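A.B. asks: This is structure_38.cif, which holds mmCIF, C-alpha atoms:
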data_query
#
loop_
_atom_site.group_PDB
_atom_site.id
_atom_site.type_symbol
_atom_site.label_atom_id
_atom_site.label_comp_id
_atom_site.auth_asym_id
_atom_site.auth_seq_id
_atom_site.Cartn_x
_atom_site.Cartn_y
_atom_site.Cartn_z
ATOM 1 C CA MET H 299 5.004 -16.480 5.060
ATOM 2 C CA GLU H 300 8.027 -14.641 3.722
ATOM 3 C CA TYR H 301 9.149 -11.392 5.331
ATOM 4 C CA LYS H 302 11.116 -8.257 4.505
ATOM 5 C CA VAL H 303 13.233 -6.528 7.127
ATOM 6 C CA LEU H 304 12.967 -2.757 6.811
ATOM 7 C CA SER H 305 15.939 -0.424 7.211
ATOM 8 C CA ASN H 306 15.115 0.135 10.895
ATOM 9 C CA GLY H 307 15.007 -3.611 11.612
ATOM 10 C CA VAL H 308 11.203 -3.967 11.648
ATOM 11 C CA LYS H 309 10.026 -7.278 10.162
ATOM 12 C CA MET H 310 7.139 -6.935 7.692
ATOM 13 C CA PRO H 311 5.078 -9.703 6.036
ATOM 14 C CA GLN H 312 5.775 -9.657 2.301
ATOM 15 C CA LEU H 313 2.203 -10.590 1.384
ATOM 16 C CA GLY H 314 -0.776 -8.750 2.831
ATOM 17 C CA TYR H 315 -4.371 -7.758 2.210
ATOM 18 C CA GLY H 316 -5.357 -4.329 0.868
ATOM 19 C CA VAL H 317 -8.798 -2.763 1.283
ATOM 20 C CA TYR H 318 -8.715 -0.101 -1.445
ATOM 21 C CA GLN H 319 -12.157 0.038 -3.121
ATOM 22 C CA VAL H 320 -13.624 -2.324 -0.511
ATOM 23 C CA THR H 321 -16.916 -0.717 0.540
ATOM 24 C CA LYS H 322 -17.734 0.144 4.135
ATOM 25 C CA GLU H 323 -20.535 -2.431 3.964
ATOM 26 C CA GLU H 324 -18.178 -5.271 2.987
ATOM 27 C CA CYS H 325 -14.940 -4.223 4.646
ATOM 28 C CA GLU H 326 -15.373 -5.742 8.095
ATOM 29 C CA ARG H 327 -16.362 -9.112 6.641
ATOM 30 C CA CYS H 328 -13.504 -9.008 4.122
ATOM 31 C CA VAL H 329 -10.836 -8.234 6.727
ATOM 32 C CA LEU H 330 -12.186 -11.003 8.976
ATOM 33 C CA ASP H 331 -11.990 -13.392 6.001
ATOM 34 C CA ALA H 332 -8.448 -12.268 5.187
ATOM 35 C CA LEU H 333 -7.290 -12.840 8.753
ATOM 36 C CA LYS H 334 -9.006 -16.251 8.721
ATOM 37 C CA ALA H 335 -7.130 -17.094 5.489
ATOM 38 C CA GLY H 336 -3.824 -16.318 7.199
ATOM 39 C CA TYR H 337 -3.050 -12.726 6.220
ATOM 40 C CA ARG H 338 -1.335 -10.672 8.911
ATOM 41 C CA LEU H 339 -0.522 -7.498 6.962
ATOM 42 C CA ILE H 340 -3.611 -5.285 6.541
ATOM 43 C CA ASP H 341 -3.374 -2.091 4.460
ATOM 44 C CA THR H 342 -5.903 0.757 4.564
ATOM 45 C CA ALA H 343 -5.863 4.556 4.249
ATOM 46 C CA GLN H 344 -7.707 7.646 5.423
ATOM 47 C CA SER H 345 -8.961 8.214 1.872
ATOM 48 C CA TYR H 346 -10.496 4.716 1.651
ATOM 49 C CA PHE H 347 -13.093 5.700 4.291
ATOM 50 C CA ASN H 348 -13.038 2.239 5.878
ATOM 51 C CA GLU H 349 -10.569 2.555 8.771
ATOM 52 C CA GLU H 350 -13.362 2.048 11.320
ATOM 53 C CA GLU H 351 -14.447 -1.197 9.675
ATOM 54 C CA VAL H 352 -10.834 -2.439 9.578
ATOM 55 C CA GLY H 353 -10.439 -1.645 13.266
ATOM 56 C CA SER H 354 -13.684 -3.393 14.130
ATOM 57 C CA ALA H 355 -12.680 -6.515 12.194
ATOM 58 C CA ILE H 356 -9.297 -6.714 13.901
ATOM 59 C CA LYS H 357 -10.995 -6.351 17.284
ATOM 60 C CA LYS H 358 -13.541 -9.096 16.516
ATOM 61 C CA SER H 359 -11.046 -11.478 14.880
ATOM 62 C CA GLY H 360 -9.462 -12.714 18.078
ATOM 63 C CA VAL H 361 -6.026 -12.405 16.456
ATOM 64 C CA PRO H 362 -3.670 -10.677 18.910
ATOM 65 C CA ARG H 363 -2.932 -7.107 17.828
ATOM 66 C CA GLU H 364 0.823 -7.738 18.003
ATOM 67 C CA GLU H 365 0.488 -10.438 15.339
ATOM 68 C CA ILE H 366 -1.026 -7.986 12.842
ATOM 69 C CA PHE H 367 1.044 -5.552 10.778
ATOM 70 C CA LEU H 368 -1.374 -2.626 10.367
ATOM 71 C CA THR H 369 -0.809 0.093 7.766
ATOM 72 C CA THR H 370 -2.714 3.277 7.041
ATOM 73 C CA LYS H 371 -1.949 6.414 5.038
ATOM 74 C CA VAL H 372 -2.327 10.163 5.612
ATOM 75 C CA TRP H 373 -4.333 11.913 2.889
ATOM 76 C CA ILE H 374 -3.285 15.206 1.248
ATOM 77 C CA GLU H 375 -5.838 17.431 2.979
ATOM 78 C CA ASN H 376 -4.303 16.369 6.315
ATOM 79 C CA TYR H 377 -0.780 17.421 5.339
ATOM 80 C CA GLY H 378 1.076 20.016 7.366
ATOM 81 C CA TYR H 379 2.491 19.353 10.825
ATOM 82 C CA ASP H 380 -0.532 20.087 13.046
ATOM 83 C CA GLU H 381 -3.137 18.743 10.631
ATOM 84 C CA CYS H 382 -1.193 15.513 10.214
ATOM 85 C CA LYS H 383 -0.838 14.960 13.970
ATOM 86 C CA ALA H 384 -4.587 15.387 14.439
ATOM 87 C CA SER H 385 -5.301 12.965 11.587
ATOM 88 C CA ILE H 386 -2.965 10.327 13.048
ATOM 89 C CA GLU H 387 -4.845 10.436 16.329
ATOM 90 C CA GLU H 388 -8.147 10.157 14.455
ATOM 91 C CA SER H 389 -6.907 7.189 12.409
ATOM 92 C CA MET H 390 -5.746 5.359 15.528
ATOM 93 C CA ARG H 391 -9.114 6.048 17.154
ATOM 94 C CA LYS H 392 -10.960 4.611 14.161
ATOM 95 C CA LEU H 393 -8.628 1.613 13.984
ATOM 96 C CA GLN H 394 -9.016 1.042 17.759
ATOM 97 C CA THR H 395 -5.265 0.867 18.312
ATOM 98 C CA ASP H 396 -2.708 2.852 20.280
ATOM 99 C CA TYR H 397 0.055 2.288 17.730
ATOM 100 C CA LEU H 398 0.524 1.714 14.004
ATOM 101 C CA ASP H 399 2.978 -0.671 12.399
ATOM 102 C CA LEU H 400 3.376 1.485 9.303
ATOM 103 C CA LEU H 401 2.152 4.962 8.366
ATOM 104 C CA LEU H 402 2.605 6.382 4.878
ATOM 105 C CA LEU H 403 2.142 9.784 3.263
ATOM 106 C CA HIS H 404 -0.282 8.914 0.471
ATOM 107 C CA GLN H 405 0.706 11.409 -2.253
ATOM 108 C CA PRO H 406 3.730 13.633 -3.063
ATOM 109 C CA PHE H 407 1.808 16.924 -3.079
ATOM 110 C CA ALA H 408 1.128 19.911 -0.782
ATOM 111 C CA ASP H 409 3.010 20.274 2.532
ATOM 112 C CA TYR H 410 4.381 16.753 2.751
ATOM 113 C CA TYR H 411 7.456 17.969 4.631
ATOM 114 C CA GLY H 412 5.290 19.341 7.438
ATOM 115 C CA ALA H 413 3.397 16.051 7.528
ATOM 116 C CA TRP H 414 6.658 14.102 7.507
ATOM 117 C CA ARG H 415 7.848 15.947 10.628
ATOM 118 C CA ALA H 416 4.694 14.726 12.383
ATOM 119 C CA LEU H 417 5.433 11.147 11.295
ATOM 120 C CA GLU H 418 8.994 11.467 12.560
ATOM 121 C CA GLU H 419 7.717 12.664 15.940
ATOM 122 C CA TYR H 420 5.269 9.777 16.325
ATOM 123 C CA TYR H 421 7.916 7.322 15.171
ATOM 124 C CA GLU H 422 10.415 8.550 17.776
ATOM 125 C CA ALA H 423 7.686 8.390 20.435
ATOM 126 C CA GLY H 424 7.162 4.698 19.607
ATOM 127 C CA LYS H 425 3.594 5.168 18.379
ATOM 128 C CA ILE H 426 4.510 4.180 14.816
ATOM 129 C CA ARG H 427 6.914 1.301 14.178
ATOM 130 C CA ALA H 428 7.844 2.362 10.649
ATOM 131 C CA ILE H 429 7.157 5.394 8.441
ATOM 132 C CA GLY H 430 7.133 5.765 4.702
ATOM 133 C CA ILE H 431 5.698 7.300 1.558
ATOM 134 C CA SER H 432 3.397 6.320 -1.292
ATOM 135 C CA ASN H 433 3.361 7.336 -4.958
ATOM 136 C CA PHE H 434 6.653 9.209 -4.618
ATOM 137 C CA TYR H 435 8.566 8.880 -7.893
ATOM 138 C CA PRO H 436 12.350 8.411 -7.616
ATOM 139 C CA ASP H 437 13.077 12.158 -7.781
ATOM 140 C CA ARG H 438 10.778 13.008 -4.858
ATOM 141 C CA MET H 439 11.801 9.853 -2.996
ATOM 142 C CA ILE H 440 15.448 10.976 -3.187
ATOM 143 C CA ASP H 441 14.415 14.488 -2.149
ATOM 144 C CA ILE H 442 12.801 13.387 1.110
ATOM 145 C CA ALA H 443 15.357 10.619 1.725
ATOM 146 C CA THR H 444 18.153 13.187 1.433
ATOM 147 C CA PHE H 445 16.728 16.190 3.271
ATOM 148 C CA ALA H 446 14.370 14.748 5.898
ATOM 149 C CA ARG H 447 15.757 13.967 9.344
ATOM 150 C CA ILE H 448 14.551 10.340 9.175
ATOM 151 C CA LYS H 449 14.645 8.507 5.853
ATOM 152 C CA PRO H 450 11.463 6.708 4.685
ATOM 153 C CA MET H 451 11.526 2.963 5.210
ATOM 154 C CA ILE H 452 9.061 2.073 2.461
ATOM 155 C CA ASN H 453 7.495 3.489 -0.703
ATOM 156 C CA GLN H 454 4.181 2.079 -1.941
ATOM 157 C CA VAL H 455 3.835 2.544 -5.706
ATOM 158 C CA GLU H 456 2.207 1.023 -8.781
ATOM 159 C CA ILE H 457 4.065 -2.169 -9.745
ATOM 160 C CA HIS H 458 2.833 -5.057 -11.892
ATOM 161 C CA PRO H 459 4.106 -7.067 -14.886
ATOM 162 C CA TYR H 460 3.111 -4.328 -17.347
ATOM 163 C CA HIS H 461 4.771 -1.589 -15.248
ATOM 164 C CA GLN H 462 7.704 -3.211 -13.489
ATOM 165 C CA GLN H 463 9.499 -0.097 -12.173
ATOM 166 C CA GLU H 464 12.921 -1.624 -12.778
ATOM 167 C CA LYS H 465 14.759 1.735 -12.879
ATOM 168 C CA SER H 466 12.867 2.957 -9.841
ATOM 169 C CA LYS H 467 13.712 -0.256 -7.977
ATOM 170 C CA LYS H 468 17.430 0.360 -8.503
ATOM 171 C CA TRP H 469 17.121 3.807 -6.933
ATOM 172 C CA HIS H 470 15.132 2.464 -3.986
ATOM 173 C CA ASP H 471 17.645 -0.333 -3.452
ATOM 174 C CA LYS H 472 20.424 2.271 -3.443
ATOM 175 C CA TYR H 473 18.689 4.251 -0.676
ATOM 176 C CA GLY H 474 17.616 1.181 1.311
ATOM 177 C CA ILE H 475 13.902 1.912 0.867
ATOM 178 C CA GLN H 476 11.592 -1.094 0.525
ATOM 179 C CA LEU H 477 9.179 -1.067 -2.427
ATOM 180 C CA GLU H 478 5.574 -2.128 -1.919
ATOM 181 C CA ALA H 479 3.148 -2.644 -4.815
ATOM 182 C CA TRP H 480 -0.355 -1.284 -4.887
ATOM 183 C CA ALA H 481 -2.440 -2.864 -7.668
ATOM 184 C CA PRO H 482 -0.013 -5.819 -7.971
ATOM 185 C CA PHE H 483 -2.325 -7.190 -10.687
ATOM 186 C CA GLY H 484 -2.692 -3.799 -12.393
ATOM 187 C CA GLU H 485 -6.415 -4.305 -11.682
ATOM 188 C CA GLY H 486 -6.325 -6.719 -14.622
ATOM 189 C CA ARG H 487 -5.915 -3.916 -17.141
ATOM 190 C CA GLY H 488 -4.610 -4.821 -20.572
ATOM 191 C CA ASP H 489 -6.150 -8.302 -20.182
ATOM 192 C CA MET H 490 -3.364 -9.245 -17.792
ATOM 193 C CA PHE H 491 -5.249 -12.226 -16.345
ATOM 194 C CA THR H 492 -5.467 -13.813 -19.805
ATOM 195 C CA ASP H 493 -1.961 -12.898 -20.956
ATOM 196 C CA PRO H 494 -0.722 -15.880 -23.056
ATOM 197 C CA MET H 495 2.772 -15.924 -21.559
ATOM 198 C CA LEU H 496 1.560 -15.700 -17.963
ATOM 199 C CA SER H 497 -1.064 -18.374 -18.683
ATOM 200 C CA GLU H 498 1.577 -20.689 -20.128
ATOM 201 C CA ILE H 499 3.856 -20.201 -17.123
ATOM 202 C CA GLY H 500 0.932 -20.836 -14.770
ATOM 203 C CA ALA H 501 0.056 -24.106 -16.519
ATOM 204 C CA LYS H 502 3.662 -25.231 -16.108
ATOM 205 C CA TYR H 503 3.424 -24.933 -12.297
ATOM 206 C CA GLY H 504 -0.236 -25.816 -11.932
ATOM 207 C CA LYS H 505 -0.947 -22.265 -10.763
ATOM 208 C CA THR H 506 -3.269 -19.462 -11.849
ATOM 209 C CA VAL H 507 -2.053 -16.315 -13.595
ATOM 210 C CA ALA H 508 -2.749 -14.385 -10.377
ATOM 211 C CA GLN H 509 -0.531 -16.751 -8.395
ATOM 212 C CA VAL H 510 2.242 -16.451 -10.992
ATOM 213 C CA ILE H 511 2.084 -12.634 -10.764
ATOM 214 C CA LEU H 512 2.236 -12.658 -6.962
ATOM 215 C CA ARG H 513 5.132 -15.132 -6.964
ATOM 216 C CA TRP H 514 6.959 -12.907 -9.473
ATOM 217 C CA HIS H 515 6.578 -9.944 -7.100
ATOM 218 C CA LEU H 516 7.812 -11.971 -4.136
ATOM 219 C CA GLN H 517 10.933 -13.136 -5.983
ATOM 220 C CA ARG H 518 11.713 -9.532 -6.924
ATOM 221 C CA GLY H 519 11.618 -8.639 -3.233
ATOM 222 C CA ILE H 520 8.465 -6.526 -3.480
ATOM 223 C CA VAL H 521 5.865 -6.333 -0.688
ATOM 224 C CA ILE H 522 2.372 -6.947 -2.110
ATOM 225 C CA ILE H 523 -1.187 -6.257 -0.930
ATOM 226 C CA PRO H 524 -3.655 -7.926 -3.351
ATOM 227 C CA LYS H 525 -7.345 -7.211 -2.829
ATOM 228 C CA SER H 526 -10.341 -9.484 -3.264
ATOM 229 C CA VAL H 527 -13.784 -9.525 -1.686
ATOM 230 C CA HIS H 528 -14.089 -13.297 -2.258
ATOM 231 C CA TYR H 529 -12.724 -15.662 0.397
ATOM 232 C CA GLU H 530 -11.724 -18.330 -2.124
ATOM 233 C CA ARG H 531 -9.637 -15.770 -4.041
ATOM 234 C CA MET H 532 -8.009 -14.606 -0.807
ATOM 235 C CA VAL H 533 -6.991 -18.206 -0.143
ATOM 236 C CA GLU H 534 -5.751 -18.605 -3.720
ATOM 237 C CA ASN H 535 -3.674 -15.423 -3.482
ATOM 238 C CA PHE H 536 -2.172 -16.633 -0.208
ATOM 239 C CA ASN H 537 -1.190 -19.993 -1.692
ATOM 240 C CA VAL H 538 2.022 -18.808 -3.389
ATOM 241 C CA PHE H 539 4.733 -20.050 -1.040
ATOM 242 C CA ASP H 540 4.879 -23.653 -2.312
ATOM 243 C CA PHE H 541 6.535 -22.990 -5.675
ATOM 244 C CA GLU H 542 9.274 -20.857 -7.219
ATOM 245 C CA LEU H 543 9.535 -19.406 -10.719
ATOM 246 C CA SER H 544 12.659 -20.368 -12.623
ATOM 247 C CA ALA H 545 15.192 -17.738 -13.677
ATOM 248 C CA ASP H 546 14.085 -18.316 -17.259
ATOM 249 C CA ASP H 547 10.431 -17.631 -16.387
ATOM 250 C CA MET H 548 11.415 -14.484 -14.467
ATOM 251 C CA GLU H 549 13.272 -13.274 -17.573
ATOM 252 C CA LYS H 550 10.250 -14.012 -19.755
ATOM 253 C CA ILE H 551 7.980 -11.952 -17.497
ATOM 254 C CA ALA H 552 10.521 -9.111 -17.620
ATOM 255 C CA THR H 553 9.810 -8.780 -21.357
ATOM 256 C CA LEU H 554 6.169 -7.839 -20.631
ATOM 257 C CA ASP H 555 7.186 -4.463 -19.173
ATOM 258 C CA LYS H 556 5.549 -1.556 -21.015
ATOM 259 C CA GLU H 557 7.405 0.926 -18.755
ATOM 260 C CA GLN H 558 4.350 3.105 -18.281
ATOM 261 C CA SER H 559 1.537 3.425 -15.770
ATOM 262 C CA ALA H 560 -1.734 1.646 -16.412
ATOM 263 C CA PHE H 561 -3.492 4.425 -14.476
ATOM 264 C CA PHE H 562 -1.967 7.922 -14.438
ATOM 265 C CA SER H 563 1.275 9.868 -14.136
ATOM 266 C CA HIS H 564 2.149 12.143 -11.245
ATOM 267 C CA TYR H 565 4.334 14.058 -13.699
ATOM 268 C CA ASP H 566 1.252 15.050 -15.736
ATOM 269 C CA PRO H 567 0.257 18.662 -14.881
ATOM 270 C CA ASN H 568 -3.392 17.797 -15.573
ATOM 271 C CA MET H 569 -3.255 15.026 -12.983
ATOM 272 C CA VAL H 570 -1.608 17.273 -10.378
ATOM 273 C CA GLU H 571 -4.310 19.887 -11.050
ATOM 274 C CA TRP H 572 -6.991 17.201 -10.650
ATOM 275 C CA PHE H 573 -5.622 16.225 -7.224
ATOM 276 C CA GLY H 574 -5.661 19.878 -6.182
ATOM 277 C CA LYS H 575 -9.274 20.367 -7.265
ATOM 278 C CA MET H 576 -10.354 17.145 -5.559
ATOM 279 C CA VAL H 577 -8.788 18.171 -2.254
ATOM 280 C CA GLU H 578 -10.349 21.646 -2.475
ATOM 281 C CA GLU H 579 -13.769 20.150 -3.176
ATOM 282 C CA ARG H 580 -13.473 17.796 -0.201
ATOM 283 C CA ARG H 581 -12.469 20.695 2.045
ATOM 284 C CA LYS H 582 -15.571 22.611 0.973
ATOM 285 C CA GLN H 583 -17.755 19.580 1.708
ATOM 286 C CA HIS H 584 -16.101 19.215 5.117
ATOM 287 C CA ASP H 585 -16.670 22.904 5.933
ATOM 288 C CA CYS H 586 -20.330 22.623 4.903
ATOM 289 C CA THR H 587 -20.791 19.594 7.134
ATOM 290 C CA LYS H 588 -19.235 21.472 10.088
ATOM 291 C CA GLU H 589 -21.579 24.428 9.502
ATOM 292 C CA GLU H 590 -24.623 22.133 9.411
ATOM 293 C CA LYS H 591 -23.585 20.532 12.715
ATOM 294 C CA ASN H 592 -23.117 23.940 14.326
ATOM 295 C CA TRP H 593 -26.439 25.290 13.014
#
Can you present the structure in this file as structure tokens?

C.D. replies:
Amino acid sequence: MEYKVLSNGVKMPQLGYGVYQVTKEECERCVLDALKAGYRLIDTAQSYFNEEEVGSAIKKSGVPREEIFLTTKVWIENYGYDECKASIEESMRKLQTDYLDLLLLHQPFADYYGAWRALEEYYEAGKIRAIGISNFYPDRMIDIATFARIKPMINQVEIHPYHQQEKSKKWHDKYGIQLEAWAPFGEGRGDMFTDPMLSEIGAKYGKTVAQVILRWHLQRGIVIIPKSVHYERMVENFNVFDFELSADDMEKIATLDKEQSAFFSHYDPNMVEWFGKMVEERRKQHDCTKEEKNW
């Protein structure tokens, strides 16, 4: 395993297992398989609705808690100081742990400064080993890095060969904030897994396109959390520490950059509006559920 040392000195595995879009029914089994395959960084979030299954898997795995680097994320509707504190306690209850290795703010909307103050408080109390952000573009990253009391240690964003975030990486390097890639394969969009150049490079090393992509991330210094529900793929994704891409191959992959998201832009007013409507709808559903319980 290769590691990255965060700005506060915390050592983080550079390759982990993410559970985004892993169903509640499959999640416990998948996390157990990932830990069996050797993964020690596990990434979940409040909005994935599978924290309880992750916690159960960790408990059943037999792997000592201190050997696992556990990450979760606070969702927008839990932003604000008091709401965030309550959600942190709930996440730790679901994950069956009394501390988190990394806690991120999931999106750069609503009262993220109030939520950040809660993260700072838990960090200083020793209940969170590292704190960070997710989906914060360089402008908002610099905003919170400049004006918050404690600077984020990590930013989890979309990074893959078709959206390499080279300019963003320079800004994060300047501020000492570690980049972590969600969707390190871009979910295969744009036929990435059959890309001729990546296929040719893979054949050269006797590796799959997926392994080439993960190795490319590692050599750029990016933390990665690939997801699979198949044990053999988990093992394949973990088997990327026995080769190194040449400088020439790294330069070739750099030419694949389309410099645009394969998913959505947080700068798009329509997307920001969509997030707002989604959060409002979830709040209404939550209020209805509370009323039914109190009936």

A.B. asks: Using all atoms listed in the file, find each residue in range 321-433 of chain H having at least one atom no more than 12 Å away from range 523-544 of chain H; report its shortest atom-to-atom pair and that distance in Å (one decimal), rows by chain then rising number, as CSV.

C.D. replies:
residue,atom,partner,partner_atom,distance
H:Thr321,CA,H:Val527,CA,9.6
H:Lys322,CA,H:Val527,CA,12.0
H:Glu323,CA,H:Val527,CA,11.3
H:Glu324,CA,H:Val527,CA,7.7
H:Cys325,CA,H:Val527,CA,8.3
H:Glu326,CA,H:Val527,CA,10.6
H:Arg327,CA,H:Val527,CA,8.7
H:Cys328,CA,H:Val527,CA,5.8
H:Val329,CA,H:Val527,CA,9.0
H:Leu330,CA,H:Tyr529,CA,9.8
H:Asp331,CA,H:Tyr529,CA,6.1
H:Ala332,CA,H:Met532,CA,6.4
H:Leu333,CA,H:Met532,CA,9.7
H:Lys334,CA,H:Tyr529,CA,9.1
H:Ala335,CA,H:Val533,CA,5.7
H:Gly336,CA,H:Phe536,CA,7.6
H:Tyr337,CA,H:Phe536,CA,7.6
H:Arg338,CA,H:Ile523,CA,10.8
H:Leu339,CA,H:Ile523,CA,8.0
H:Ile340,CA,H:Ile523,CA,7.9
H:Asp341,CA,H:Ile523,CA,7.2
H:Thr342,CA,H:Ile523,CA,10.1
H:Phe367,CA,H:Ile523,CA,11.9
H:Leu368,CA,H:Ile523,CA,11.9
H:Thr369,CA,H:Ile523,CA,10.8

A.B. asks: From the list H:Ala508, H:Ala428, H:Ile457, H:Val570, which residue is nearest Gly484 in chain H when using only C-alpha atoms?

C.D. replies: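 Result for the nearest residue to Gly484 in chain H: H:Ile457.
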
A.B. asks: Return the single residue from H:Lys472, H:Lys467, H:Lys309, H:His458 that is closest to Glu485 in chain H, with distances computed using only C-alpha atoms.

C.D. replies: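 Among the listed residues, H:His458 lies closest to Glu485 in chain H.
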
A.B. asks: Please compute the CA of Gly474 in chain H-CA of Ser305 in chain H distance, one decimal, in Å.

C.D. replies: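 Value for the CA of Gly474 in chain H-CA of Ser305 in chain H distance: 6.3 Å.
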
A.B. asks: Using all atoms listed in the file, pick whichever of H:Tyr420, H:Trp572, H:Phe347, H:Phe483 has the shortest atom-to-atom distance to Ala384 in chain H.

C.D. replies: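 Of H:Tyr420, H:Trp572, H:Phe347, H:Phe483, the one nearest Ala384 in chain H, counting all atoms listed in the file, is H:Tyr420.
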
A.B. asks: Quick one: apply the PyMOL selection byres ((chain H and resi 346) around 10) to the file and drop the selected residues here as JSON, numbers by chain.

C.D. replies: {"H": [317, 318, 319, 320, 321, 322, 342, 343, 344, 345, 347, 348, 349, 370, 371, 373]}

A.B. asks: Could you tell me which residues the PyMOL selection byres ((chain H and resi 301) around 6) grabs in this file, written as a PDB file with C-alpha atoms, keeping the file's coordinate frame?

C.D. replies:
ATOM      1  CA  GLU H 300       8.027 -14.641   3.722  1.00  0.00           C
ATOM      2  CA  LYS H 302      11.116  -8.257   4.505  1.00  0.00           C
ATOM      3  CA  MET H 310       7.139  -6.935   7.692  1.00  0.00           C
ATOM      4  CA  PRO H 311       5.078  -9.703   6.036  1.00  0.00           C
ATOM      5  CA  GLN H 312       5.775  -9.657   2.301  1.00  0.00           C
TER       6      GLN H 312
END

A.B. asks: Around range 328-332 of chain H, with edges along x, y and z and 4 Å added on all six sides, what centre and edge lengths do you get, in Å to one decimal, as lines of an AutoDock Vina configuration file?

C.D. replies:
center_x = -11.0
center_y = -10.8
center_z = 6.5
size_x = 13.1
size_y = 13.2
size_z = 12.9

A.B. asks: Between H:Glu350, H:Glu549, H:Asp471, H:Glu418, which is the closest to Gln394 in chain H once you count all atoms listed in the file?

C.D. replies: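 Using all atoms listed in the file, the shortest distance to Gln394 in chain H belongs to H:Glu350.
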
A.B. asks: Could you tell me how far CA of Phe562 in chain H lies from CA of Pro494 in chain H, in Å and to one decimal?

C.D. replies: 25.3 Å

A.B. asks: Written as a ChimeraX atom specification, what is the full residue list that the PyMOL selection byres ((chain H and resi 412) around 12) yields on the file shown?

C.D. replies: /H:374,376-383,403,407-411,413-419,442,446-447

A.B. asks: Can you complete the atoms of range 483-495 of chain H to N, CA and C atoms and list them as a CSV table (one decimal), keeping the file's coordinate frame?

C.D. replies:
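Saved result, result.csv, follows:
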chain,number,residue,atom,x,y,z
H,483,PHE,N,-1.8,-6.6,-9.5
H,483,PHE,CA,-2.3,-7.2,-10.7
H,483,PHE,C,-2.6,-6.1,-11.8
H,484,GLY,N,-2.3,-4.9,-11.5
H,484,GLY,CA,-2.7,-3.8,-12.4
H,484,GLY,C,-4.2,-3.7,-12.6
H,485,GLU,N,-5.0,-4.2,-11.6
H,485,GLU,CA,-6.4,-4.3,-11.7
H,485,GLU,C,-6.9,-5.1,-12.9
H,486,GLY,N,-6.0,-5.9,-13.5
H,486,GLY,CA,-6.3,-6.7,-14.6
H,486,GLY,C,-6.4,-6.0,-15.9
H,487,ARG,N,-5.9,-4.7,-15.9
H,487,ARG,CA,-5.9,-3.9,-17.1
H,487,ARG,C,-5.0,-4.5,-18.2
H,488,GLY,N,-5.4,-4.3,-19.5
H,488,GLY,CA,-4.6,-4.8,-20.6
H,488,GLY,C,-4.8,-6.3,-20.7
H,489,ASP,N,-5.9,-6.9,-20.1
H,489,ASP,CA,-6.2,-8.3,-20.2
H,489,ASP,C,-5.0,-9.1,-19.5
H,490,MET,N,-4.5,-8.6,-18.4
H,490,MET,CA,-3.4,-9.2,-17.8
H,490,MET,C,-3.7,-10.7,-17.3
H,491,PHE,N,-4.9,-10.9,-16.9
H,491,PHE,CA,-5.2,-12.2,-16.3
H,491,PHE,C,-5.4,-13.3,-17.4
H,492,THR,N,-5.4,-12.8,-18.7
H,492,THR,CA,-5.5,-13.8,-19.8
H,492,THR,C,-4.2,-13.7,-20.7
H,493,ASP,N,-3.2,-13.0,-20.2
H,493,ASP,CA,-2.0,-12.9,-21.0
H,493,ASP,C,-1.4,-14.3,-21.3
H,494,PRO,N,-1.2,-14.6,-22.6
H,494,PRO,CA,-0.7,-15.9,-23.1
H,494,PRO,C,0.5,-16.4,-22.4
H,495,MET,N,1.5,-15.5,-22.2
H,495,MET,CA,2.8,-15.9,-21.6
H,495,MET,C,2.6,-16.3,-20.1
